[in-house]
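Engineer: Dropping a structure here in structure tokens format, bear with me for questions.
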Amino acid sequence: MSVPRFWRKQTNRYNLIGTKCETCGTYYFPPRSLCPKCRREGKIVDYKFKGTGKIVTFSVVRTASDKFDLQTPFVVAIIELDEGTRLTAPVICSDINEVYIGMRVKSTFRKISADGDSGIIVYGTKFIRE
Amino acid sequence: MVGIITYGAYIPQFRIKADEIAKVWGANGTEISNGLGVFEKSVPDMDEDSLTIAVNAARNALARRDVNPADIGAIYVGSESHPYAVKPTSVTVGEAIGATPVMTAADYEFACKAGTAGIQTCMGLVKSGMIKYGVAIGSDVAQGAPSDALEYTAAAGGAAFVIGNDDPIAEINDTCSYSTDTPDFWRREGQAYPRHGGRFSGEPAYFKHVQGAAHLMMDRMGTKPADYDYAIFHQPNAKFPRNVAAMLGFKPEQIKQGLCAPRLGNTYSGAVPVGLSSVLDVAKPGDRIFVTSYGSGSGSDAFDITVTDAILTKIDRKAAPSVETMLNDKIYLDYAQYAKHKGKIVMQK
């Protein structure tokens with residue numbers, strides 16, 4: 001990921017800041033600037049998610065690209081946040097067999113990747129068991 | 001009066017026992033553990049560093065008390081293991097707790113006392129009226145070379161303190177420092193591991209400076225060791241703080257709650273901050289706390305602190321995990337897994 005591309009989204013990645021349509025009450029992450037349900041009637045505002053939710057489904061990654069190779073096996077899950085929206089994120093666990101559908105999780109701040117020994121380090125949100 | 005508005009600590013989940021390290025180097029683990037008083041140490045996960053520890057400690061602090069991040073005017077992160085040589089840890093912490101952009105920030109380095117130096121800086125800015133709140137953090141993923149004595153203790157962890165004037169949970173009555181040029185421990189630019197002067201890091205370094213700052217503090221306050229309910233000293237191992245406490249006239253029960261090293265190791269800049277967090281986890285209004293950090297090179301910062309009624313009414317201590325909870329929540333690694341976690345295995349590039 002290029003440095004500017006990461007930087008543009010870092011507030012969302014660090015703090016789970018998405019959006020909410022105040023007209024229909026729907027939450028969005030990643031943020032949407034237009035509510036697809038309300039269209040021009042919608043009123044979109046920034047919203048910081050609580051960071052708690054449950055695993056809807058997950059995959060175990062056993063073969064990863066170079067940047068993530070040392071972390072295999074690891075879990076990537078679709079997580080439904082308590083506000084109702086869903087996102088895809090890594091789930092930290094010491095034993096991949098402990099992860100199950102419906103497991104309660106909460107967000108935490110971790111290192112996502114590093115561009116070699118001299119490049120930028122990307123930080124962001126991962127999830128752990130609540 | 002200026003004081004601690006809220007606090008939070010963070011300790012990674014992984015541990016390695018001193019026995020397991022000794023086994024690899026053909027040493028006697030029991031002898032080493034008994035000598036140092038350290039039986040296991042924390043190890044960061046592969047995606048944790050001093051920055052992620054600082055962020056999670058700061059978030060734990062803010063979980064305990066409703067502090068408007070926009071009122072935070074300064075963030076100082078003390079560490080020996082900032083992830084970048086050039087690019088501040090403190091601004092990423094600021095972004096991750098929503099305190100940017102109207103704030104000042106800087107990273108501190110003073111071996112193991114950079115976290116308490118941050119507390120002093122925040123105190124000065126608050127007392128002068130320049131800021132409403134400042135955040136001081138001590139955080140490290142400590143380095144120790146394979147087979148070196150430091151490898152048995154160099155650990156990971158940290159704690160954050162929001163410093164301010166409004167209803168502090170603990171008033172900081174005074175602070176003072178004792179600093180000299182003493183080369184007992186150092187790490188040159190670009191080097192992966194620190195070097196140290198062995199026994200030289202004891203008498204002319206740790207003991208001289210800790211006692212120097214502690215005596216200075218008690219002289220200024222007109223107090224004696226018996227006036228304090230708790231005392232926290234820098235803990236590169238468990239032996240040094242126990243010895244210096246005895247030399248100064250503190251009793252073992254005064255240092256017990258703040259002495260995390262036997263089960264945590266030395267979290268360098270995080271050591272005294274985590275010990276102080278452990279005391280704040282159980283402290284009652286009126287309790288008086290004596291704190292003296294130590295950073296090689298060398299210097300000590302001493303603090304005289306009194307816990308206020310606000311610790312019962314203004315914060316929710318249960319909103320974030322206690323130090324005791326985090327010390328008990330652990331997963332043991334063998335040396336091979338530890339080497340992988342710490343990046344000690346040479347990989348093909």
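Each chain in the structure tokens gets a letter, A, B and so on, in the order shown; residues start at 1 in every chain, and ligands are counted from 1 in the order they appear.
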Taking only stretch 28-87 of chain A into account, list the residues labelled strand (DSSP E) by DSSP (computed from the backbone), as a count of residues only.
Structural biologist: 26
Engineer: If you run DSSP on this backbone, which residues of stretch 239-336 of chain B come out as alpha helix (DSSP H), and could you give them as an MDAnalysis selection string?
Structural biologist: chainID B and resid 239:248 252:255 261:264 271:280 310:313 323:328 335:336
Engineer: Given the selection you just returned, output its residues as a file containing C-alpha atoms, formatted as an mmCIF file, in the first residue's frame.
Structural biologist:
```cif
data_model
loop_
_atom_site.group_PDB
_atom_site.id
_atom_site.type_symbol
_atom_site.label_atom_id
_atom_site.label_comp_id
_atom_site.auth_asym_id
_atom_site.auth_seq_id
_atom_site.Cartn_x
_atom_site.Cartn_y
_atom_site.Cartn_z
ATOM 1 C CA LYS B 239 16.540 -7.723 43.653
ATOM 2 C CA PHE B 240 17.502 -4.074 43.043
ATOM 3 C CA PRO B 241 14.184 -2.494 44.168
ATOM 4 C CA ARG B 242 14.023 -4.773 47.223
ATOM 5 C CA ASN B 243 17.568 -3.800 48.192
ATOM 6 C CA VAL B 244 17.153 -0.070 47.600
ATOM 7 C CA ALA B 245 13.852 -0.080 49.509
ATOM 8 C CA ALA B 246 15.594 -1.702 52.479
ATOM 9 C CA MET B 247 18.525 0.755 52.249
ATOM 10 C CA LEU B 248 16.087 3.685 52.346
ATOM 11 C CA PRO B 252 8.697 -5.188 52.007
ATOM 12 C CA GLU B 253 4.907 -4.762 52.353
ATOM 13 C CA GLN B 254 5.181 -1.150 51.109
ATOM 14 C CA ILE B 255 6.732 -2.226 47.786
ATOM 15 C CA ALA B 261 9.066 -7.617 37.961
ATOM 16 C CA PRO B 262 8.929 -11.198 39.357
ATOM 17 C CA ARG B 263 6.024 -12.039 37.012
ATOM 18 C CA LEU B 264 6.577 -9.401 34.311
ATOM 19 C CA ALA B 271 8.413 -0.495 34.553
ATOM 20 C CA VAL B 272 7.595 2.243 37.087
ATOM 21 C CA PRO B 273 4.430 3.317 35.187
ATOM 22 C CA VAL B 274 3.081 -0.277 35.313
ATOM 23 C CA GLY B 275 4.045 -0.532 39.007
ATOM 24 C CA LEU B 276 2.234 2.751 39.746
ATOM 25 C CA SER B 277 -0.813 1.500 37.806
ATOM 26 C CA SER B 278 -0.824 -1.654 39.915
ATOM 27 C CA VAL B 279 -0.895 0.483 43.083
ATOM 28 C CA LEU B 280 -3.654 2.760 41.705
ATOM 29 C CA ALA B 310 -11.977 11.062 43.268
ATOM 30 C CA ILE B 311 -10.509 7.577 42.837
ATOM 31 C CA LEU B 312 -13.863 6.260 44.115
ATOM 32 C CA THR B 313 -16.174 8.710 42.394
ATOM 33 C CA VAL B 323 -2.438 -5.003 36.153
ATOM 34 C CA GLU B 324 -3.143 -8.120 38.227
ATOM 35 C CA THR B 325 -5.719 -9.316 35.653
ATOM 36 C CA MET B 326 -3.239 -8.812 32.808
ATOM 37 C CA LEU B 327 -0.416 -10.521 34.727
ATOM 38 C CA ASN B 328 -2.650 -13.568 35.229
ATOM 39 C CA TYR B 335 12.290 -20.387 23.240
ATOM 40 C CA ALA B 336 11.761 -21.105 19.534
#
```
Engineer: Which residues of chain B are close to chain A, meaning at most 6 Å apart when you count only C-alpha atoms, and how do they look as a count of residues only?
Structural biologist: 4
Engineer: Got a sec: who's within 10 Å of A:Ile17, counting only C-alpha atoms, leaving out chain neighbours fewer than 6 positions off, as a ChimeraX atom specification?
Structural biologist: /A:9-11,28-31,46-51
Engineer: Could you take the residues named above and write them with C-alpha atoms, as a PDB file, in the first residue's frame?
Structural biologist:
```pdb
ATOM      1  CA  LYS A   9      -7.684   6.207   5.516  1.00  0.00           C
ATOM      2  CA  GLN A  10      -5.721   6.087   8.772  1.00  0.00           C
ATOM      3  CA  THR A  11      -8.370   7.808  10.916  1.00  0.00           C
ATOM      4  CA  TYR A  28     -21.619   2.241   7.322  1.00  0.00           C
ATOM      5  CA  PHE A  29     -18.043   1.022   7.523  1.00  0.00           C
ATOM      6  CA  PRO A  30     -16.050   1.813   5.465  1.00  0.00           C
ATOM      7  CA  PRO A  31     -17.741   5.202   5.502  1.00  0.00           C
ATOM      8  CA  ASP A  46     -19.313  10.593  10.970  1.00  0.00           C
ATOM      9  CA  TYR A  47     -19.716   7.853  13.566  1.00  0.00           C
ATOM     10  CA  LYS A  48     -17.128   6.201  15.800  1.00  0.00           C
ATOM     11  CA  PHE A  49     -18.042   2.547  16.299  1.00  0.00           C
ATOM     12  CA  LYS A  50     -17.862   1.045  19.797  1.00  0.00           C
ATOM     13  CA  GLY A  51     -15.645  -1.730  18.413  1.00  0.00           C
TER      14      GLY A  51
END
```
Engineer: Compare B:Ala205, B:Ala57, B:Ala99, B:Ile75 by their minimum atom-to-atom distance to B:Gly295, counting only C-alpha atoms, and give me the closest one.
Structural biologist: B:Ala205
Engineer: Which one is closest to B:Arg64: B:Val162, B:Ala170, B:Ile16, B:Ile32? Count only C-alpha atoms.
Structural biologist: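 Nearest candidate to B:Arg64 out of B:Val162, B:Ala170, B:Ile16, B:Ile32: B:Val162.
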Engineer: Rounded to one decimal, what separation in Å do you get between atom CA of B:Leu216 and atom CA of B:Thr175?
Structural biologist: 9.6 Å
Engineer: When you look at B:Tyr10 with a cut-off of 9 Å (counting only C-alpha atoms), what residues show up, excluding the ones that are within fewer than 6 positions of it in the same chain? I need them as a ChimeraX atom specification.
Structural biologist: /B:53-58,60,139,157-160,274,321-323,326
